[in-house]
$ cat data-v1.tsv   # TSV, C-alpha atoms
chain	number	residue	atom	x	y	z
A	5	MET	CA	0.57	-14.01	17.47
A	6	TYR	CA	-0.86	-13.80	13.95
A	7	ARG	CA	-3.61	-11.38	14.96
A	8	SER	CA	-1.14	-9.20	16.84
A	9	LEU	CA	1.23	-9.07	13.89
A	10	VAL	CA	-1.53	-8.31	11.37
A	11	GLY	CA	-2.85	-5.56	13.65
A	12	ALA	CA	0.61	-3.99	13.72
A	13	LEU	CA	0.92	-4.24	9.92
A	14	LEU	CA	-2.49	-2.62	9.45
A	15	TYR	CA	-1.46	0.25	11.73
A	16	VAL	CA	1.74	0.84	9.78
A	17	SER	CA	-0.05	0.60	6.42
A	18	VAL	CA	-2.69	3.14	7.44
A	19	CYS	CA	-0.27	5.65	8.97
A	20	ALA	CA	2.84	5.66	6.83
A	21	ARG	CA	3.29	2.81	4.34
A	22	PRO	CA	0.76	2.62	1.50
A	23	ASP	CA	3.01	0.10	-0.24
A	24	ILE	CA	1.94	-2.66	2.18
A	25	ALA	CA	-1.76	-1.73	2.32
A	26	ALA	CA	-2.88	-4.53	-0.03
A	27	SER	CA	-0.81	-7.15	1.78
A	28	ALA	CA	-2.11	-6.07	5.19
A	29	THR	CA	-5.70	-6.11	3.93
A	30	ILE	CA	-5.36	-9.62	2.46
A	31	LEU	CA	-3.72	-10.92	5.65
A	32	GLY	CA	-6.47	-9.29	7.71
A	33	ARG	CA	-9.08	-11.50	6.03
A	34	LYS	CA	-7.54	-14.58	7.64
A	35	VAL	CA	-7.46	-13.52	11.30
A	36	SER	CA	-10.32	-15.86	12.26
A	37	CYS	CA	-8.57	-18.99	11.04
A	38	PRO	CA	-5.00	-18.39	9.85
A	39	THR	CA	-2.90	-21.14	8.31
A	40	GLU	CA	0.84	-21.72	8.35
A	41	ALA	CA	1.00	-20.22	4.85
A	42	ASP	CA	-0.66	-17.03	6.14
A	43	TRP	CA	1.91	-16.81	8.95
A	44	VAL	CA	4.77	-17.21	6.46
A	45	ALA	CA	3.24	-14.49	4.25
A	46	ALA	CA	2.92	-12.12	7.22
A	47	LYS	CA	6.59	-12.63	8.14
A	48	ARG	CA	7.53	-11.93	4.53
A	49	VAL	CA	5.87	-8.51	4.79
A	50	VAL	CA	7.86	-7.86	7.98
A	51	ARG	CA	11.10	-8.74	6.17
A	52	TYR	CA	10.12	-6.31	3.41
A	53	LEU	CA	9.57	-3.56	5.98
A	54	LEU	CA	12.91	-4.28	7.63
A	55	GLY	CA	14.63	-4.00	4.25
A	56	THR	CA	12.93	-0.65	3.55
A	57	LYS	CA	12.75	0.80	7.07
A	58	HIS	CA	14.57	3.93	5.89
A	59	TRP	CA	11.74	4.79	3.48
A	60	ASN	CA	9.66	7.86	4.30
A	61	LEU	CA	6.80	9.66	2.62
A	62	SER	CA	8.38	12.74	1.08
A	63	TYR	CA	6.71	15.89	-0.23
A	64	GLY	CA	7.93	18.61	-2.58
A	65	ASP	CA	6.21	21.61	-4.15
A	66	PRO	CA	3.29	22.64	-1.88
A	67	ASN	CA	1.62	24.37	-4.82
A	68	GLU	CA	1.17	21.08	-6.66
A	69	ASN	CA	-2.51	20.26	-6.98
A	70	LEU	CA	-4.25	17.25	-5.54
A	71	LEU	CA	-4.56	14.27	-7.91
A	72	GLY	CA	-5.78	10.72	-7.55
A	73	TYR	CA	-5.48	7.18	-8.90
A	74	SER	CA	-8.28	4.61	-8.82
A	75	ASP	CA	-8.04	0.91	-9.68
A	76	ALA	CA	-9.68	-2.46	-8.99
A	77	ASP	CA	-8.71	-6.12	-9.14
A	78	TRP	CA	-11.76	-7.81	-10.64
A	79	ALA	CA	-12.96	-10.97	-8.82
A	80	GLY	CA	-9.61	-11.26	-7.09
A	81	ASP	CA	-10.97	-13.05	-4.02
A	82	ILE	CA	-11.05	-16.73	-4.99
A	83	LYS	CA	-13.66	-17.73	-2.39
A	84	THR	CA	-16.21	-14.93	-2.78
A	85	ARG	CA	-15.22	-13.62	-6.23
A	86	LYS	CA	-15.47	-10.09	-4.88
A	87	SER	CA	-13.14	-7.46	-6.25
A	88	THR	CA	-10.63	-5.31	-4.38
A	89	SER	CA	-10.73	-1.52	-4.65
A	90	GLY	CA	-7.67	0.64	-4.35
A	91	TYR	CA	-7.14	4.38	-4.55
A	92	VAL	CA	-4.48	6.89	-3.63
A	93	PHE	CA	-4.48	10.70	-3.59
A	94	LYS	CA	-1.25	12.66	-3.90
A	95	HIS	CA	-0.44	16.23	-2.96
A	96	ALA	CA	2.95	17.93	-3.30
A	97	GLY	CA	4.37	14.74	-4.78
A	98	GLY	CA	3.47	12.40	-1.91
A	99	ALA	CA	0.51	10.28	-0.91
A	100	VAL	CA	-1.88	11.91	1.57
A	101	SER	CA	-4.74	9.40	1.47
A	102	TRP	CA	-5.00	5.79	0.33
A	103	ALA	CA	-7.11	2.68	0.83
A	104	SER	CA	-7.24	-0.97	-0.14
A	105	ARG	CA	-10.45	-2.84	0.66
A	106	LYS	CA	-12.66	-5.65	-0.63
A	107	GLN	CA	-15.82	-4.50	-2.36
A	108	SER	CA	-19.14	-5.18	-0.65
A	109	SER	CA	-20.79	-6.91	-3.63
A	110	VAL	CA	-19.84	-9.14	-6.55
A	111	THR	CA	-19.46	-7.32	-9.86
A	112	LEU	CA	-20.18	-8.87	-13.25
A	113	SER	CA	-17.38	-7.26	-15.25
A	114	SER	CA	-14.06	-5.49	-14.84
A	115	MET	CA	-15.75	-2.22	-15.82
A	116	GLU	CA	-18.24	-2.53	-12.97
A	117	SER	CA	-15.50	-3.32	-10.44
A	118	GLU	CA	-13.51	-0.31	-11.66
A	119	TYR	CA	-16.62	1.85	-11.34
A	120	MET	CA	-17.22	0.66	-7.77
A	121	ALA	CA	-13.63	1.59	-6.93
A	122	LEU	CA	-14.02	4.97	-8.65
A	123	SER	CA	-17.14	5.79	-6.62
A	124	GLU	CA	-15.25	5.04	-3.38
A	125	ALA	CA	-12.38	7.26	-4.52
A	126	SER	CA	-14.88	10.01	-5.37
A	127	GLN	CA	-16.30	9.95	-1.85
A	128	GLU	CA	-12.80	10.25	-0.41
A	129	LEU	CA	-12.09	13.14	-2.77
A	130	VAL	CA	-15.11	15.10	-1.53
A	131	TRP	CA	-13.91	14.67	2.06
A	132	LEU	CA	-10.33	15.66	1.16
A	133	LEU	CA	-11.49	18.81	-0.62
A	134	SER	CA	-13.43	19.83	2.48
A	135	LEU	CA	-10.39	19.12	4.66
A	136	PHE	CA	-8.06	21.11	2.39
A	137	GLU	CA	-10.47	24.03	2.45
A	138	ASP	CA	-10.48	23.97	6.26
A	139	PHE	CA	-6.67	24.20	6.11
A	140	GLY	CA	-6.90	27.20	3.79
A	141	GLU	CA	-5.62	25.18	0.82
A	142	LYS	CA	-8.64	25.26	-1.45
A	143	GLN	CA	-7.93	23.43	-4.70
A	144	LYS	CA	-8.24	25.29	-7.99
A	145	GLY	CA	-10.22	23.63	-10.75
A	146	ALA	CA	-11.30	20.02	-11.12
A	147	VAL	CA	-9.14	17.35	-9.48
A	148	LYS	CA	-7.64	14.85	-11.92
A	149	ILE	CA	-8.32	11.20	-11.20
A	150	PHE	CA	-6.44	8.66	-13.31
A	151	GLU	CA	-8.19	5.48	-14.42
A	152	ASP	CA	-6.77	2.61	-16.50
A	153	ASN	CA	-10.08	1.24	-17.76
A	154	GLN	CA	-11.35	2.92	-20.92
A	155	SER	CA	-14.82	1.37	-20.60
A	156	CYS	CA	-15.21	2.89	-17.14
A	157	ILE	CA	-14.28	6.35	-18.42
A	158	HIS	CA	-16.69	6.06	-21.36
A	159	PHE	CA	-19.43	4.81	-19.04
A	160	VAL	CA	-19.26	8.04	-17.03
A	161	SER	CA	-19.87	10.16	-20.13
A	162	SER	CA	-22.56	7.85	-21.49
A	163	GLU	CA	-26.23	8.68	-21.03
A	164	ARG	CA	-27.29	5.07	-21.48
A	165	VAL	CA	-27.90	2.67	-18.56
A	166	ASN	CA	-28.20	-0.98	-19.57
A	167	ARG	CA	-29.69	-3.87	-17.64
A	168	ARG	CA	-26.31	-5.16	-16.45
A	169	SER	CA	-25.38	-1.88	-14.78
A	170	LYS	CA	-28.62	-1.05	-12.94
A	171	HIS	CA	-27.23	-2.23	-9.60
A	172	ILE	CA	-24.58	0.51	-9.73
A	173	GLU	CA	-26.95	3.22	-10.95
A	174	THR	CA	-26.73	5.25	-7.72
A	175	ARG	CA	-22.93	5.19	-7.80
A	176	GLU	CA	-23.08	6.12	-11.48
A	177	SER	CA	-25.21	9.17	-10.78
A	178	TYR	CA	-22.90	10.27	-7.96
A	179	VAL	CA	-19.73	10.11	-10.07
A	180	LYS	CA	-21.42	11.74	-13.07
A	181	GLU	CA	-22.63	14.60	-10.90
A	182	LEU	CA	-19.11	15.26	-9.57
A	183	CYS	CA	-17.75	15.27	-13.12
A	184	SER	CA	-20.49	17.56	-14.44
A	185	ASP	CA	-19.95	19.94	-11.51
A	186	LYS	CA	-16.21	20.11	-12.37
A	187	VAL	CA	-15.24	18.72	-8.97
A	188	MET	CA	-13.22	15.98	-10.67
A	189	GLU	CA	-12.23	14.95	-14.17
A	190	LEU	CA	-11.19	11.51	-15.37
A	191	HIS	CA	-8.00	10.87	-17.30
A	192	TYR	CA	-6.77	7.63	-18.79
A	193	CYS	CA	-3.40	6.19	-17.84
A	194	SER	CA	-1.89	2.83	-18.76
A	195	THR	CA	-1.80	-0.02	-16.25
A	196	GLU	CA	1.99	0.29	-16.16
A	197	ASP	CA	1.62	3.80	-14.72
A	198	MET	CA	-1.34	3.07	-12.43
A	199	ALA	CA	0.01	3.70	-8.92
A	200	ALA	CA	-3.17	2.31	-7.31
A	201	ASP	CA	-2.49	-1.10	-8.88
A	202	MET	CA	-0.27	-1.84	-5.89
A	203	LEU	CA	-3.28	-1.31	-3.61
A	204	THR	CA	-5.45	-3.96	-5.26
A	205	LYS	CA	-3.17	-7.00	-5.29
A	206	PRO	CA	0.44	-8.10	-4.70
A	207	VAL	CA	2.71	-7.05	-7.57
A	208	GLY	CA	6.24	-7.97	-8.60
A	209	SER	CA	9.31	-6.36	-7.08
A	210	ILE	CA	9.95	-4.05	-10.04
A	211	LYS	CA	6.39	-2.67	-10.01
A	212	GLN	CA	6.45	-2.51	-6.22
A	213	MET	CA	9.48	-0.22	-6.27
A	214	LYS	CA	8.10	1.88	-9.14
A	215	PHE	CA	4.70	2.47	-7.58
A	216	ALA	CA	6.16	3.09	-4.13
A	217	LYS	CA	8.32	5.84	-5.61
A	218	MET	CA	5.27	7.29	-7.40
A	219	MET	CA	3.54	7.54	-4.03
A	220	GLY	CA	6.42	9.54	-2.62
A	221	LEU	CA	8.18	6.81	-0.66
A	222	MET	CA	11.93	7.49	-0.73
$ encode --input "data-v1.tsv" --output "structure tokens"
Amino acid sequence: MYRSLVGALLYVSVCARPDIAASATILGRKVSCPTEADWVAAKRVVRYLLGTKHWNLSYGDPNENLLGYSDADWAGDIKTRKSTSGYVFKHAGGAVSWASRKQSSVTLSSMESEYMALSEASQELVWLLSLFEDFGEKQKGAVKIFEDNQSCIHFVSSERVNRRSKHIETRESYVKELCSDKVMELHYCSTEDMAADMLTKPVGSIKQMKFAKMMGLM
């Protein structure tokens, strides 16, 4: 029953409800050996969906450019100490692509976890730009990606690679190349306005409502 319910929640989160993506991802890590607490948590997500079943992804001005948000929850997994990446891309005021997933390796600082998440968002951006071009909606200029970690933003513009960051050197080169080629440009935003924060970990009800609205859920 638990596996069936989590499978249904994952389907809904991927297709139409980015606001439950983090919850579905966390619940999905327990499918091999769920506990009673996991079952209670899964039912809580269902109650949330029932209370917001009238919510839909809404879109406005089609001329609004694509923009993205990238965030990470550093060492959020208690057992493995791996971080969780989250990103969302919006077009015409609503989310068109989003993801919440555990990172493949352990990072040594919050900056490194943010950079791992940013590199994943960058790969998604390249695919989205190709898709938009196929639809005849080629984006004009560099796509803005918002990041709430100042160290991560400064790291992109830095020419120095220290010993602690060598294991992300390939990702660093990829992101720097996209920025230098004007495919994307990084902008700082505060954590309070970081829509992707909801995709990295469970947040309080006030933030949940705020970020859901930012993603276009109405």
$ residues_around --input "data-v1.tsv" --residues "range 187-192 of chain A" --least-positions-apart "2" --cutoff "6 Å" --atoms "all atoms listed in the file" --output "VMD selection string"
chain A and resid 146 to 152 182 to 183 185
$ closest_atom_pairs --input "data-v1.tsv" --of "range 92-152 of chain A" --to "range 59-74 of chain A" --cutoff "10 Å" --atoms "all atoms listed in the file" --output "tab-separated table"
residue	atom	partner	partner_atom	distance
A:Val92	CA	A:Tyr73	CA	5.4
A:Phe93	CA	A:Gly72	CA	4.2
A:Lys94	CA	A:Leu71	CA	5.4
A:His95	CA	A:Leu70	CA	4.7
A:Ala96	CA	A:Pro66	CA	4.9
A:Gly97	CA	A:Tyr63	CA	5.2
A:Gly98	CA	A:Tyr63	CA	5.0
A:Ala99	CA	A:Leu61	CA	7.2
A:Val100	CA	A:Leu61	CA	9.0
A:Ser101	CA	A:Gly72	CA	9.2
A:Trp102	CA	A:Gly72	CA	9.3
A:Ala103	CA	A:Ser74	CA	9.9
A:Glu118	CA	A:Ser74	CA	7.7
A:Tyr119	CA	A:Ser74	CA	9.1
A:Met120	CA	A:Ser74	CA	9.8
A:Ala121	CA	A:Ser74	CA	6.4
A:Leu122	CA	A:Ser74	CA	5.8
A:Ser123	CA	A:Ser74	CA	9.2
A:Glu124	CA	A:Ser74	CA	8.9
A:Ala125	CA	A:Ser74	CA	6.5
A:Ser126	CA	A:Ser74	CA	9.2
A:Leu129	CA	A:Gly72	CA	8.3
A:Leu132	CA	A:Leu70	CA	9.2
A:Leu133	CA	A:Leu70	CA	8.9
A:Phe136	CA	A:Leu70	CA	9.6
A:Glu141	CA	A:Asn67	CA	9.2
A:Lys142	CA	A:Asn69	CA	9.7
A:Gln143	CA	A:Asn69	CA	6.7
A:Lys144	CA	A:Asn69	CA	7.7
A:Gly145	CA	A:Asn69	CA	9.2
A:Ala146	CA	A:Leu70	CA	9.4
A:Val147	CA	A:Leu71	CA	5.7
A:Lys148	CA	A:Leu71	CA	5.1
A:Ile149	CA	A:Gly72	CA	4.5
A:Phe150	CA	A:Tyr73	CA	4.7
A:Glu151	CA	A:Ser74	CA	5.7
A:Asp152	CA	A:Ser74	CA	8.1
$ atom_distance --input "data-v1.tsv" --atom1 "CA of Ser104 in chain A" --atom2 "CA of Asp23 in chain A"
10.3 Å
$ atom_distance --input "data-v1.tsv" --atom1 "CA of Gly90 in chain A" --atom2 "CA of Leu203 in chain A"
4.9 Å
$ residues_near_point --input "data-v1.tsv" --point "(-14.6, -2.4, -1.5)" --cutoff "7 Å" --atoms "all atoms listed in the file" --output "ChimeraX atom specification"
/A:88-89,105-108,121
$ write_last_selection --input "data-v1.tsv" --atoms "C-alpha atoms" --output "short mmCIF file (atom, residue, chain, number, x, y, z; two decimals), keeping the file's coordinate frame"
data_model
loop_
_atom_site.label_atom_id
_atom_site.label_comp_id
_atom_site.auth_asym_id
_atom_site.auth_seq_id
_atom_site.Cartn_x
_atom_site.Cartn_y
_atom_site.Cartn_z
CA THR A 88 -10.63 -5.31 -4.38
CA SER A 89 -10.73 -1.52 -4.65
CA ARG A 105 -10.45 -2.84 0.66
CA LYS A 106 -12.66 -5.65 -0.63
CA GLN A 107 -15.82 -4.50 -2.36
CA SER A 108 -19.14 -5.18 -0.65
CA ALA A 121 -13.63 1.59 -6.93
#
$ closest_residue --input "data-v1.tsv" --among "A:Thr111, A:Trp43, A:Thr29, A:Pro22" --to "Met5 in chain A" --atoms "all atoms listed in the file"
A:Trp43
$ atom_distance --input "data-v1.tsv" --atom1 "CA of Ala28 in chain A" --atom2 "CA of Ala41 in chain A"
14.5 Å
$ residues_near_point --input "data-v1.tsv" --point "(-7.9, -16.2, 14.2)" --cutoff "12 Å" --atoms "all atoms listed in the file" --output "list in words"
Met5, Tyr6, Arg7, Ser8, Leu9, Val10, Gly11, Leu31, Gly32, Arg33, Lys34, Val35, Ser36, Cys37, Pro38, Thr39, Glu40, Asp42 and Trp43 of chain A
$ axis_aligned_box --input "data-v1.tsv" --around "range 17-36 of chain A" --padding-each-side "3 Å" --output "AutoDock Vina command-line options"
--center_x -3.5 --center_y -5.1 --center_z 6.0 --size_x 19.6 --size_y 27.5 --size_z 18.5
$ residues_around --input "data-v1.tsv" --residues "Thr84 in chain A" --least-positions-apart "4" --cutoff "9 Å" --atoms "all atoms listed in the file" --output "NGL selection string"
:A and (79-80 or 110)
$ closest_residue --input "data-v1.tsv" --among "A:Ala45, A:Leu13, A:Cys19, A:Ile24" --to "Met213 in chain A" --atoms "all atoms listed in the file"
A:Ile24
$ decode --input "data-v1.tsv" --residues "range 107-123 of chain A" --atoms "C-alpha atoms" --output "PDB file, in the first residue's frame"
ATOM      1  CA  GLN A 107      22.744  14.503  -4.975  1.00  0.00           C
ATOM      2  CA  SER A 108      24.966  11.623  -6.030  1.00  0.00           C
ATOM      3  CA  SER A 109      27.924  12.544  -3.802  1.00  0.00           C
ATOM      4  CA  VAL A 110      28.596  14.114  -0.418  1.00  0.00           C
ATOM      5  CA  THR A 111      29.603  17.778  -0.552  1.00  0.00           C
ATOM      6  CA  LEU A 112      31.909  19.448   1.958  1.00  0.00           C
ATOM      7  CA  SER A 113      30.201  22.837   2.167  1.00  0.00           C
ATOM      8  CA  SER A 114      26.925  24.574   1.427  1.00  0.00           C
ATOM      9  CA  MET A 115      28.592  26.341  -1.500  1.00  0.00           C
ATOM     10  CA  GLU A 116      29.533  23.025  -3.103  1.00  0.00           C
ATOM     11  CA  SER A 117      26.021  21.616  -2.654  1.00  0.00           C
ATOM     12  CA  GLU A 118      24.558  24.775  -4.192  1.00  0.00           C
ATOM     13  CA  TYR A 119      26.988  24.459  -7.092  1.00  0.00           C
ATOM     14  CA  MET A 120      26.001  20.824  -7.681  1.00  0.00           C
ATOM     15  CA  ALA A 121      22.354  21.903  -7.794  1.00  0.00           C
ATOM     16  CA  LEU A 122      23.200  24.779 -10.143  1.00  0.00           C
ATOM     17  CA  SER A 123      24.981  22.446 -12.569  1.00  0.00           C
TER      18      SER A 123
END
